[in-house]
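Enquirer: Sharing protein.cif, mmCIF, C-alpha atoms:
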```
data_query
#
loop_
_atom_site.label_atom_id
_atom_site.label_comp_id
_atom_site.auth_asym_id
_atom_site.auth_seq_id
_atom_site.Cartn_x
_atom_site.Cartn_y
_atom_site.Cartn_z
CA MET M 1 -48.25 -18.13 -18.44
CA SER M 2 -46.81 -15.11 -20.16
CA GLY M 3 -47.90 -11.67 -19.08
CA THR M 4 -47.75 -8.24 -20.67
CA ALA M 5 -44.49 -6.30 -20.44
CA HIS M 6 -44.03 -2.55 -20.49
CA ILE M 7 -40.69 -0.74 -20.50
CA VAL M 8 -41.20 2.07 -17.99
CA LYS M 9 -39.32 5.30 -17.39
CA GLY M 10 -36.28 5.19 -15.17
CA SER M 11 -33.55 3.65 -17.33
CA SER M 12 -30.03 4.67 -16.31
CA LEU M 13 -26.47 4.35 -17.63
CA THR M 14 -23.38 4.33 -15.41
CA LEU M 15 -19.70 4.69 -16.31
CA ASP M 16 -17.26 3.66 -13.56
CA ARG M 17 -14.10 1.61 -13.10
CA ASN M 18 -16.04 -1.48 -14.20
CA GLY M 19 -16.88 0.13 -17.52
CA VAL M 20 -20.38 0.92 -18.77
CA SER M 21 -23.47 -0.56 -17.14
CA VAL M 22 -27.11 0.00 -18.05
CA THR M 23 -30.11 -0.60 -15.81
CA PHE M 24 -33.71 -0.47 -16.96
CA PRO M 25 -37.03 -1.53 -15.40
CA ILE M 26 -39.76 -3.73 -16.89
CA GLN M 27 -43.29 -3.76 -15.51
CA LEU M 28 -44.99 -7.15 -15.86
CA GLU M 29 -48.77 -7.51 -15.71
CA GLY M 30 -51.06 -10.51 -15.74
CA ILE M 31 -48.62 -12.91 -14.14
CA THR M 32 -50.50 -16.03 -13.06
CA GLY M 33 -49.79 -19.19 -11.14
CA ASP M 34 -49.68 -20.33 -7.55
CA ALA M 35 -48.70 -17.69 -5.04
CA ASP M 36 -45.33 -19.24 -4.35
CA LEU M 37 -44.53 -19.53 -8.08
CA LYS M 38 -45.60 -16.12 -9.29
CA THR M 39 -42.19 -14.51 -8.71
CA PHE M 40 -40.49 -17.37 -10.54
CA ASN M 41 -43.04 -17.13 -13.36
CA ALA M 42 -42.30 -13.42 -13.63
CA LEU M 43 -38.59 -14.17 -13.92
CA SER M 44 -39.36 -16.80 -16.58
CA ASP M 45 -41.54 -14.47 -18.60
CA SER M 46 -40.50 -14.26 -22.24
CA SER M 47 -40.13 -10.49 -21.99
CA VAL M 48 -37.47 -10.76 -19.31
CA PRO M 49 -34.02 -11.41 -20.78
CA ASN M 50 -31.83 -14.20 -19.44
CA ARG M 51 -28.47 -13.68 -17.81
CA GLY M 52 -25.86 -13.40 -20.56
CA ASP M 53 -28.25 -12.09 -23.23
CA PRO M 54 -26.75 -9.22 -25.22
CA HIS M 55 -28.25 -5.75 -25.18
CA GLU M 56 -30.48 -5.22 -28.20
CA LYS M 57 -28.86 -1.95 -29.26
CA ILE M 58 -25.65 -1.31 -27.27
CA PRO M 59 -22.82 -3.65 -28.35
CA GLY M 60 -20.59 -5.25 -25.73
CA LEU M 61 -23.19 -5.24 -22.93
CA PHE M 62 -24.71 -8.38 -21.46
CA VAL M 63 -27.36 -9.10 -18.82
CA ASP M 64 -25.66 -9.55 -15.45
CA THR M 65 -28.52 -9.43 -12.93
CA VAL M 66 -32.32 -9.49 -12.95
CA HIS M 67 -34.25 -8.46 -9.85
CA ILE M 68 -37.97 -9.24 -9.51
CA ARG M 69 -40.20 -7.32 -7.10
CA ALA M 70 -43.96 -7.81 -6.61
CA GLN M 71 -46.22 -4.77 -6.85
CA SER M 72 -49.55 -6.53 -6.57
CA PRO M 73 -50.81 -10.14 -6.84
CA SER M 74 -50.55 -10.01 -10.64
CA GLN M 75 -48.10 -7.16 -11.22
CA PHE M 76 -44.32 -7.47 -10.92
CA PHE M 77 -41.43 -5.15 -11.51
CA ALA M 78 -38.22 -6.48 -13.09
CA THR M 79 -34.95 -4.52 -12.95
CA VAL M 80 -32.40 -5.66 -15.52
CA ARG M 81 -28.73 -4.67 -15.34
CA TYR M 82 -26.34 -4.95 -18.27
CA VAL M 83 -22.56 -4.86 -17.83
CA SER M 84 -19.52 -4.98 -20.10
CA SER M 85 -18.34 -8.32 -21.41
CA GLU M 86 -15.14 -8.19 -19.31
CA VAL M 87 -17.07 -7.90 -16.06
CA PHE M 88 -19.72 -10.42 -17.06
CA ASP M 89 -17.19 -13.04 -18.14
CA GLY M 90 -15.63 -12.96 -14.69
CA GLY M 91 -12.27 -12.07 -16.17
CA VAL M 92 -12.20 -8.89 -14.11
CA GLU M 93 -12.59 -9.23 -10.37
CA ILE M 94 -12.48 -5.90 -8.59
CA PRO M 95 -9.79 -6.46 -5.95
CA ASP M 96 -10.14 -5.91 -2.24
CA GLU M 97 -7.61 -3.40 -0.91
CA SER M 98 -7.65 -5.10 2.49
CA ALA M 99 -6.62 -8.47 1.01
CA VAL M 100 -3.40 -10.06 2.28
CA PRO M 101 -0.57 -9.13 -0.13
CA THR M 102 2.23 -11.32 -1.36
CA LEU M 103 5.53 -10.74 0.41
CA GLU M 104 9.10 -10.74 -0.87
CA VAL M 105 12.11 -10.35 1.44
CA GLY M 106 15.78 -9.90 0.58
CA THR M 107 18.93 -8.41 2.05
CA THR M 108 21.56 -6.34 0.26
CA VAL M 109 24.66 -4.48 1.39
CA THR M 110 25.21 -0.76 0.99
CA GLN M 111 28.61 0.89 0.97
CA THR M 112 28.75 3.61 3.59
CA THR M 113 31.05 5.15 6.21
CA THR M 114 30.82 5.26 9.97
CA GLU M 115 32.57 6.87 12.93
CA ARG M 116 31.46 4.13 15.35
CA ASP M 117 32.19 0.45 15.84
CA ARG M 118 29.57 -2.31 16.00
CA ASN M 119 28.92 -1.57 19.68
CA GLY M 120 28.32 2.11 19.05
CA ALA M 121 31.63 3.24 20.54
CA PRO M 122 33.43 6.07 18.70
CA ILE M 123 36.34 4.97 16.51
CA GLU M 124 39.52 6.73 17.55
CA VAL M 125 43.25 6.45 17.15
CA PHE M 126 46.06 8.28 18.93
CA VAL M 127 49.75 8.96 18.86
CA ASN M 128 52.01 9.96 21.70
CA ARG M 129 53.55 13.36 21.27
CA MET M 130 56.43 14.46 23.44
CA VAL M 131 55.58 17.48 25.52
CA ASN M 132 58.25 18.61 27.98
CA ASN M 133 59.90 15.26 27.44
CA GLU M 134 56.70 13.45 28.45
CA PRO M 135 54.51 11.37 26.07
CA VAL M 136 51.06 12.94 25.75
CA PRO M 137 48.44 11.00 23.75
CA ASP M 138 46.93 12.95 20.86
CA HIS M 139 43.52 11.39 20.12
CA GLN M 140 41.79 11.60 16.76
CA GLY M 141 38.39 10.35 15.64
CA GLY M 142 38.34 7.89 12.77
CA THR M 143 36.05 7.15 9.83
CA VAL M 144 35.90 3.77 8.13
CA ALA M 145 34.07 2.43 5.10
CA TRP M 146 31.98 -0.68 5.50
CA SER M 147 29.30 -2.77 3.81
CA GLN M 148 26.12 -2.27 5.78
CA PRO M 149 23.49 -5.02 5.39
CA GLN M 150 20.01 -3.71 4.72
CA THR M 151 16.88 -5.83 4.47
CA VAL M 152 14.32 -4.97 1.81
CA VAL M 153 10.67 -6.02 2.12
CA ARG M 154 8.41 -5.82 -0.90
CA PHE M 155 4.62 -6.28 -0.96
CA ARG M 156 2.46 -6.84 -4.04
CA ARG M 157 -1.31 -6.58 -4.14
CA ALA M 158 -4.09 -5.98 -6.65
CA GLU M 159 -6.04 -2.85 -5.76
CA PRO M 160 -9.04 -1.09 -7.26
CA GLY M 161 -7.55 2.40 -7.46
CA SER M 162 -4.39 4.30 -8.29
CA PRO M 163 -1.76 4.35 -5.51
CA GLY M 164 -0.64 7.86 -6.44
CA GLY M 165 -2.01 9.48 -3.30
CA LYS M 166 -0.43 6.90 -1.03
CA ALA M 167 2.89 7.24 -2.86
CA ARG M 168 2.97 10.99 -2.24
CA PHE M 169 2.11 10.51 1.42
CA TYR M 170 4.33 7.56 2.39
CA VAL M 171 7.38 7.34 0.11
CA GLY M 172 10.42 8.87 1.76
CA THR M 173 9.02 8.54 5.29
CA VAL M 174 9.93 6.26 8.21
CA ASN M 175 7.82 4.23 10.62
CA ASN M 176 6.54 6.17 13.62
CA ALA M 177 5.99 3.02 15.70
CA SER M 178 7.07 -0.61 15.80
CA VAL M 179 6.82 -2.62 12.55
CA PHE M 180 8.35 -6.02 11.79
CA GLY M 181 9.34 -6.13 15.47
CA ASP M 182 11.64 -3.12 15.04
CA PRO M 183 11.34 0.27 16.77
CA ARG M 184 10.55 3.60 15.12
CA TRP M 185 12.82 5.00 12.39
CA PHE M 186 14.19 1.58 11.32
CA TRP M 187 12.09 1.26 8.15
CA LEU M 188 12.01 3.68 5.21
CA CYS M 189 9.27 3.49 2.58
CA THR M 190 11.27 3.61 -0.65
CA ARG M 191 8.64 2.78 -3.25
CA ILE M 192 4.91 2.69 -3.95
CA ASP M 193 3.93 2.32 -7.58
CA GLY M 194 1.16 0.75 -9.58
CA THR M 195 0.59 -0.67 -13.04
CA THR M 196 -2.87 -0.83 -14.59
CA VAL M 197 -4.20 -4.30 -15.33
CA ASN M 198 -7.52 -5.72 -16.52
CA LYS M 199 -7.84 -3.01 -19.18
CA GLY M 200 -7.41 -0.29 -16.59
CA LEU M 201 -10.01 -1.60 -14.17
CA SER M 202 -7.50 -2.26 -11.37
CA TYR M 203 -3.84 -1.80 -10.40
CA GLU M 204 -0.98 -4.10 -9.51
CA VAL M 205 0.57 -2.15 -6.62
CA VAL M 206 4.08 -2.63 -5.23
CA TYR M 207 5.15 -1.38 -1.79
CA GLU M 208 8.82 -1.43 -0.80
CA PHE M 209 10.48 -0.80 2.57
CA GLN M 210 14.16 -0.80 3.48
CA ARG M 211 15.66 -1.40 6.91
CA ASN M 212 18.48 0.57 8.53
CA GLU M 213 19.09 0.25 12.27
CA GLY M 214 21.52 3.17 12.47
CA SER M 215 23.64 3.65 15.58
CA GLU M 216 23.27 4.24 19.29
CA PHE M 217 23.66 7.91 20.04
CA ASP M 218 22.68 8.68 23.63
CA PRO M 219 24.47 6.99 26.55
CA GLU M 220 21.44 7.72 28.71
CA GLN M 221 19.25 5.67 26.33
CA PRO M 222 21.21 2.44 25.77
CA GLY M 223 19.83 0.34 22.96
CA VAL M 224 18.01 3.24 21.31
CA ARG M 225 19.28 3.58 17.76
CA SER M 226 18.99 6.30 15.16
CA GLY M 227 17.56 4.17 12.36
CA TRP M 228 17.33 6.23 9.18
CA GLN M 229 17.61 9.53 11.05
CA PRO M 230 21.16 10.84 10.47
CA LEU M 231 23.69 11.68 13.16
CA VAL M 232 25.96 14.70 12.93
CA ILE M 233 29.29 14.72 14.80
CA TYR M 234 31.40 17.79 15.29
CA THR M 235 34.50 17.74 13.09
CA ASP M 236 37.80 19.01 14.47
CA PRO M 237 38.79 21.86 12.13
CA LYS M 238 42.47 21.11 12.68
CA THR M 239 42.32 17.45 11.68
CA GLY M 240 39.21 17.35 9.53
CA LYS M 241 38.10 14.29 11.51
CA PRO M 242 35.17 13.76 13.91
CA ILE M 243 36.22 14.48 17.47
CA PRO M 244 36.55 11.48 19.81
CA ASN M 245 33.91 10.86 22.45
CA PRO M 246 31.30 13.34 21.21
CA ARG M 247 28.60 14.25 23.69
CA PHE M 248 24.97 13.82 22.65
CA GLY M 249 23.11 17.12 22.57
CA GLN M 250 26.32 19.08 21.98
CA SER M 251 28.98 17.70 19.62
CA LEU M 252 26.66 14.86 18.55
CA GLN M 253 23.16 15.58 17.28
CA LEU M 254 20.35 13.44 15.94
CA VAL M 255 18.75 15.13 12.92
CA ALA M 256 15.01 14.44 12.57
CA LEU M 257 15.23 14.50 8.77
CA TYR M 258 12.60 11.97 7.75
CA ARG M 259 8.90 12.49 8.36
CA GLU M 260 7.18 9.72 10.29
CA ARG M 261 4.09 7.83 9.17
CA ALA M 262 1.87 5.07 10.56
CA PHE M 263 2.67 2.28 8.10
CA PRO M 264 0.02 -0.16 9.44
CA ALA M 265 -2.62 2.13 7.92
CA LEU M 266 -1.62 0.63 4.55
CA ASN M 267 -3.21 -2.71 5.56
CA LEU M 268 -0.03 -4.68 4.89
CA THR M 269 1.38 -7.50 7.03
CA PHE M 270 3.87 -5.57 9.14
CA ASP M 271 3.94 -8.26 11.79
CA ALA M 272 5.77 -10.64 9.42
#
```
In structure tokens, how does this file's structure come out?

Expert:
Amino acid sequence: MSGTAHIVKGSSLTLDRNGVSVTFPIQLEGITGDADLKTFNALSDSSVPNRGDPHEKIPGLFVDTVHIRAQSPSQFFATVRYVSSEVFDGGVEIPDESAVPTLEVGTTVTQTTTERDRNGAPIEVFVNRMVNNEPVPDHQGGTVAWSQPQTVVRFRRAEPGSPGGKARFYVGTVNNASVFGDPRWFWLCTRIDGTTVNKGLSYEVVYEFQRNEGSEFDPEQPGVRSGWQPLVIYTDPKTGKPIPNPRFGQSLQLVALYRERAFPALNLTFDA
């Protein structure tokens, strides 16, 4: 049986990343029926719009939810929420920033130079010079060009907000702890950017990281490598070449150039 409907004060309009939504209450009186059916009868009342009904005055808004709450045995309160057509149609799903991203992996080579061989030993050459009719080796450090392989990992994920803040914080920094099974400094964040999708309601965000293992630099820490942090070797002013057998802490220095960040805070799959 139909009751009497009154639009009561308390209507509200919201503008957020989902667009415009309008909520207004309806007070229903004189709802009859069995106790267990009264709430359903209130929902079925002719004064309560159905899900999908358009707003009577605001174009582009449609009923999304209707909530019924009892106030007394015959009085009920209905709250009706209208949303934009994009949200109602289900074409726009607000993404979850903790969702597992898609992963792309590739390896490229970068042309660079080095003063060390693959085992980390300094490259050096020498010639024998005659001193007092005796051959005396004259050592000189060497520099060679090589193609250094570097792995690139790229993540893609739909996110609800702009990645601008994360880009400013992470791009140009290196990992401060193990990621991808590698130690600190091996991975540089080279890119975080986003493109608006779903009419600006969300972003397609791309994260990119590049690997560089660097070189060993301290004989007292075998296996520890510099990663992206650069090494500086003293250059012999007479030859213009790095000196052979530089000593870490003196003629060989590790430069802490890149800031370090905790990459796992980005909720990506760094254990891949």

Enquirer: Can you measure atom CA of Tyr234 of chain M to atom CA of Gly141 of chain M for me? One decimal in Å is fine.

Expert: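 Pair atom CA of Tyr234 of chain M / atom CA of Gly141 of chain M returns 10.2 Å.
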
Enquirer: The PyMOL selection byres ((chain M and resi 13) around 7) on the file shown: which residues, as a ChimeraX atom specification?

Expert: /M:12,14-15,21-23

Enquirer: Which residue is closest to Thr112 of chain M? Choose from M:Pro149, M:Pro244, M:Gly142, M:Pro59 and count all atoms listed in the file.

Expert: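 Result for the nearest residue to Thr112 of chain M: M:Pro149.
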
Enquirer: What is the atom CA of Gly164 of chain M-atom CA of Leu266 of chain M distance in Å, reported with one decimal?

Expert: 13.2 Å

Enquirer: So what does the PyMOL selection byres ((chain M and resi 66) around 8) actually pick up in this one, as a compact mmCIF listing (two decimals) with C-alpha atoms, keeping the file's coordinate frame?

Expert:
```txt
# COMPACT_ATOMS: atom_id res chain seq x y z
CA LEU M 43 -38.59 -14.17 -13.92
CA ARG M 51 -28.47 -13.68 -17.81
CA VAL M 63 -27.36 -9.10 -18.82
CA ASP M 64 -25.66 -9.55 -15.45
CA THR M 65 -28.52 -9.43 -12.93
CA HIS M 67 -34.25 -8.46 -9.85
CA ILE M 68 -37.97 -9.24 -9.51
CA ALA M 78 -38.22 -6.48 -13.09
CA THR M 79 -34.95 -4.52 -12.95
CA VAL M 80 -32.40 -5.66 -15.52
CA ARG M 81 -28.73 -4.67 -15.34
```

Enquirer: Name the residues in contact with Val125 of chain M at a cut-off of 12 Å, using all atoms listed in the file, excluding same-chain residues fewer than 6 positions from it; report them as a PyMOL selection string.

Expert: chain M and resi 115+137-144+241-245

Enquirer: Could you give me, as a list in words, the residues that have an atom at most 7 Å away from the point (-20.6, -11.2, -27.2) in the coordinates of the file, using all atoms listed in the file?

Expert: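 Output: Pro54, Gly60 and Ser85 of chain M.
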
Enquirer: Go through the shown structure with the PyMOL selection byres ((chain M and resi 32) around 7) and write out the matching residues as number ranges by chain.

Expert: M: 1, 30-31, 33, 38, 74

Enquirer: Return the single residue from M:Pro122, M:Gly52, M:Gly214, M:Pro219 that is closest to Arg184 of chain M, with distances computed using all atoms listed in the file.

Expert: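 Of M:Pro122, M:Gly52, M:Gly214, M:Pro219, the one nearest Arg184 of chain M, counting all atoms listed in the file, is M:Gly214.
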
Enquirer: To one decimal place in Å, what is the distance between atom CA of Leu254 of chain M and atom CA of Val171 of chain M?

Expert: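 Atom CA of Val171 of chain M lies at a distance of 21.4 Å from atom CA of Leu254 of chain M.
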
Enquirer: Of the residues M:Thr190, M:Trp185, M:Val206, M:Gly249, which is the one nearest to Gly227 of chain M, using only C-alpha atoms?

Expert: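 Looking only at the distances to Gly227 of chain M, the closest residue turns out to be M:Trp185.
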
Enquirer: Looking at M:Leu257, M:Val205, M:Met130, M:Leu37, which one is nearest to Pro163 of chain M, with distances taken over only C-alpha atoms?

Expert: M:Val205

Enquirer: Could you tell me which of M:Glu124, M:Glu159, M:Asp34, M:Asp182 comes closest to Pro246 of chain M if we count all atoms listed in the file?

Expert: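 When distances to Pro246 of chain M are compared using all atoms listed in the file, the smallest one comes from M:Glu124.
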
Enquirer: For each of M:Tyr170, M:Trp187, M:Phe155, M:Tyr258, take the minimum atom-to-atom distance to Tyr207 of chain M, counting all atoms listed in the file, then give the residue where this is smallest.

Expert: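 Comparing M:Tyr170, M:Trp187, M:Phe155, M:Tyr258 against Tyr207 of chain M, the winner is M:Phe155.
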
Enquirer: Mind completing segment 193-222 of chain M with N, CA and C atoms? Output as an mmCIF file, in the frame of the given file, please?

Expert:
```
data_model
loop_
_atom_site.group_PDB
_atom_site.id
_atom_site.type_symbol
_atom_site.label_atom_id
_atom_site.label_comp_id
_atom_site.auth_asym_id
_atom_site.auth_seq_id
_atom_site.Cartn_x
_atom_site.Cartn_y
_atom_site.Cartn_z
ATOM 1 N N ASP M 193 4.332 2.038 -6.203
ATOM 2 C CA ASP M 193 3.930 2.320 -7.580
ATOM 3 C C ASP M 193 2.907 1.296 -8.026
ATOM 4 N N GLY M 194 2.210 1.625 -9.089
ATOM 5 C CA GLY M 194 1.160 0.750 -9.580
ATOM 6 C C GLY M 194 1.132 0.689 -11.089
ATOM 7 N N THR M 195 0.725 -0.456 -11.607
ATOM 8 C CA THR M 195 0.590 -0.670 -13.040
ATOM 9 C C THR M 195 -0.841 -1.101 -13.320
ATOM 10 N N THR M 196 -1.486 -0.470 -14.283
ATOM 11 C CA THR M 196 -2.870 -0.830 -14.590
ATOM 12 C C THR M 196 -2.919 -2.229 -15.206
ATOM 13 N N VAL M 197 -3.934 -2.971 -14.790
ATOM 14 C CA VAL M 197 -4.200 -4.300 -15.330
ATOM 15 C C VAL M 197 -5.690 -4.406 -15.608
ATOM 16 N N ASN M 198 -6.098 -5.500 -16.227
ATOM 17 C CA ASN M 198 -7.520 -5.720 -16.520
ATOM 18 C C ASN M 198 -8.127 -4.551 -17.284
ATOM 19 N N LYS M 199 -7.378 -4.104 -18.317
ATOM 20 C CA LYS M 199 -7.840 -3.010 -19.180
ATOM 21 C C LYS M 199 -8.119 -1.739 -18.376
ATOM 22 N N GLY M 200 -7.285 -1.521 -17.364
ATOM 23 C CA GLY M 200 -7.410 -0.290 -16.590
ATOM 24 C C GLY M 200 -8.399 -0.335 -15.462
ATOM 25 N N LEU M 201 -8.999 -1.506 -15.213
ATOM 26 C CA LEU M 201 -10.010 -1.600 -14.170
ATOM 27 C C LEU M 201 -9.423 -1.754 -12.778
ATOM 28 N N SER M 202 -8.135 -2.131 -12.677
ATOM 29 C CA SER M 202 -7.500 -2.260 -11.370
ATOM 30 C C SER M 202 -5.997 -2.046 -11.540
ATOM 31 N N TYR M 203 -5.273 -2.074 -10.416
ATOM 32 C CA TYR M 203 -3.840 -1.800 -10.400
ATOM 33 C C TYR M 203 -3.088 -2.920 -9.691
ATOM 34 N N GLU M 204 -1.928 -3.250 -10.211
ATOM 35 C CA GLU M 204 -0.980 -4.100 -9.510
ATOM 36 C C GLU M 204 -0.042 -3.167 -8.759
ATOM 37 N N VAL M 205 -0.142 -3.136 -7.428
ATOM 38 C CA VAL M 205 0.570 -2.150 -6.620
ATOM 39 C C VAL M 205 1.732 -2.820 -5.899
ATOM 40 N N VAL M 206 2.881 -2.140 -5.905
ATOM 41 C CA VAL M 206 4.080 -2.630 -5.230
ATOM 42 C C VAL M 206 4.461 -1.650 -4.132
ATOM 43 N N TYR M 207 4.670 -2.169 -2.926
ATOM 44 C CA TYR M 207 5.150 -1.380 -1.790
ATOM 45 C C TYR M 207 6.537 -1.901 -1.419
ATOM 46 N N GLU M 208 7.466 -1.001 -1.153
ATOM 47 C CA GLU M 208 8.820 -1.430 -0.800
ATOM 48 C C GLU M 208 9.318 -0.653 0.406
ATOM 49 N N PHE M 209 9.951 -1.390 1.339
ATOM 50 C CA PHE M 209 10.480 -0.800 2.570
ATOM 51 C C PHE M 209 11.891 -1.320 2.787
ATOM 52 N N GLN M 210 12.766 -0.431 3.255
ATOM 53 C CA GLN M 210 14.160 -0.800 3.480
ATOM 54 C C GLN M 210 14.540 -0.522 4.928
ATOM 55 N N ARG M 211 15.305 -1.462 5.498
ATOM 56 C CA ARG M 211 15.660 -1.400 6.910
ATOM 57 C C ARG M 211 17.054 -0.824 7.113
ATOM 58 N N ASN M 212 17.175 0.021 8.131
ATOM 59 C CA ASN M 212 18.480 0.570 8.530
ATOM 60 C C ASN M 212 18.399 0.832 10.029
ATOM 61 N N GLU M 213 19.194 0.098 10.818
ATOM 62 C CA GLU M 213 19.090 0.250 12.270
ATOM 63 C C GLU M 213 19.869 1.443 12.798
ATOM 64 N N GLY M 214 20.777 2.009 12.010
ATOM 65 C CA GLY M 214 21.520 3.170 12.470
ATOM 66 C C GLY M 214 22.475 2.850 13.607
ATOM 67 N N SER M 215 22.674 3.804 14.491
ATOM 68 C CA SER M 215 23.640 3.650 15.580
ATOM 69 C C SER M 215 23.047 4.138 16.895
ATOM 70 N N GLU M 216 23.604 3.654 18.004
ATOM 71 C CA GLU M 216 23.270 4.240 19.290
ATOM 72 C C GLU M 216 23.869 5.637 19.361
ATOM 73 N N PHE M 217 23.182 6.528 20.043
ATOM 74 C CA PHE M 217 23.660 7.910 20.040
ATOM 75 C C PHE M 217 23.594 8.586 21.397
ATOM 76 N N ASP M 218 22.836 8.026 22.331
ATOM 77 C CA ASP M 218 22.680 8.680 23.630
ATOM 78 C C ASP M 218 23.025 7.687 24.730
ATOM 79 N N PRO M 219 24.106 7.913 25.467
ATOM 80 C CA PRO M 219 24.470 6.990 26.550
ATOM 81 C C PRO M 219 23.382 6.824 27.598
ATOM 82 N N GLU M 220 22.509 7.816 27.728
ATOM 83 C CA GLU M 220 21.440 7.720 28.710
ATOM 84 C C GLU M 220 20.263 6.892 28.190
ATOM 85 N N GLN M 221 20.291 6.516 26.903
ATOM 86 C CA GLN M 221 19.250 5.670 26.330
ATOM 87 C C GLN M 221 19.906 4.469 25.635
ATOM 88 N N PRO M 222 20.530 3.590 26.392
ATOM 89 C CA PRO M 222 21.210 2.440 25.770
ATOM 90 C C PRO M 222 20.233 1.578 24.986
#
```
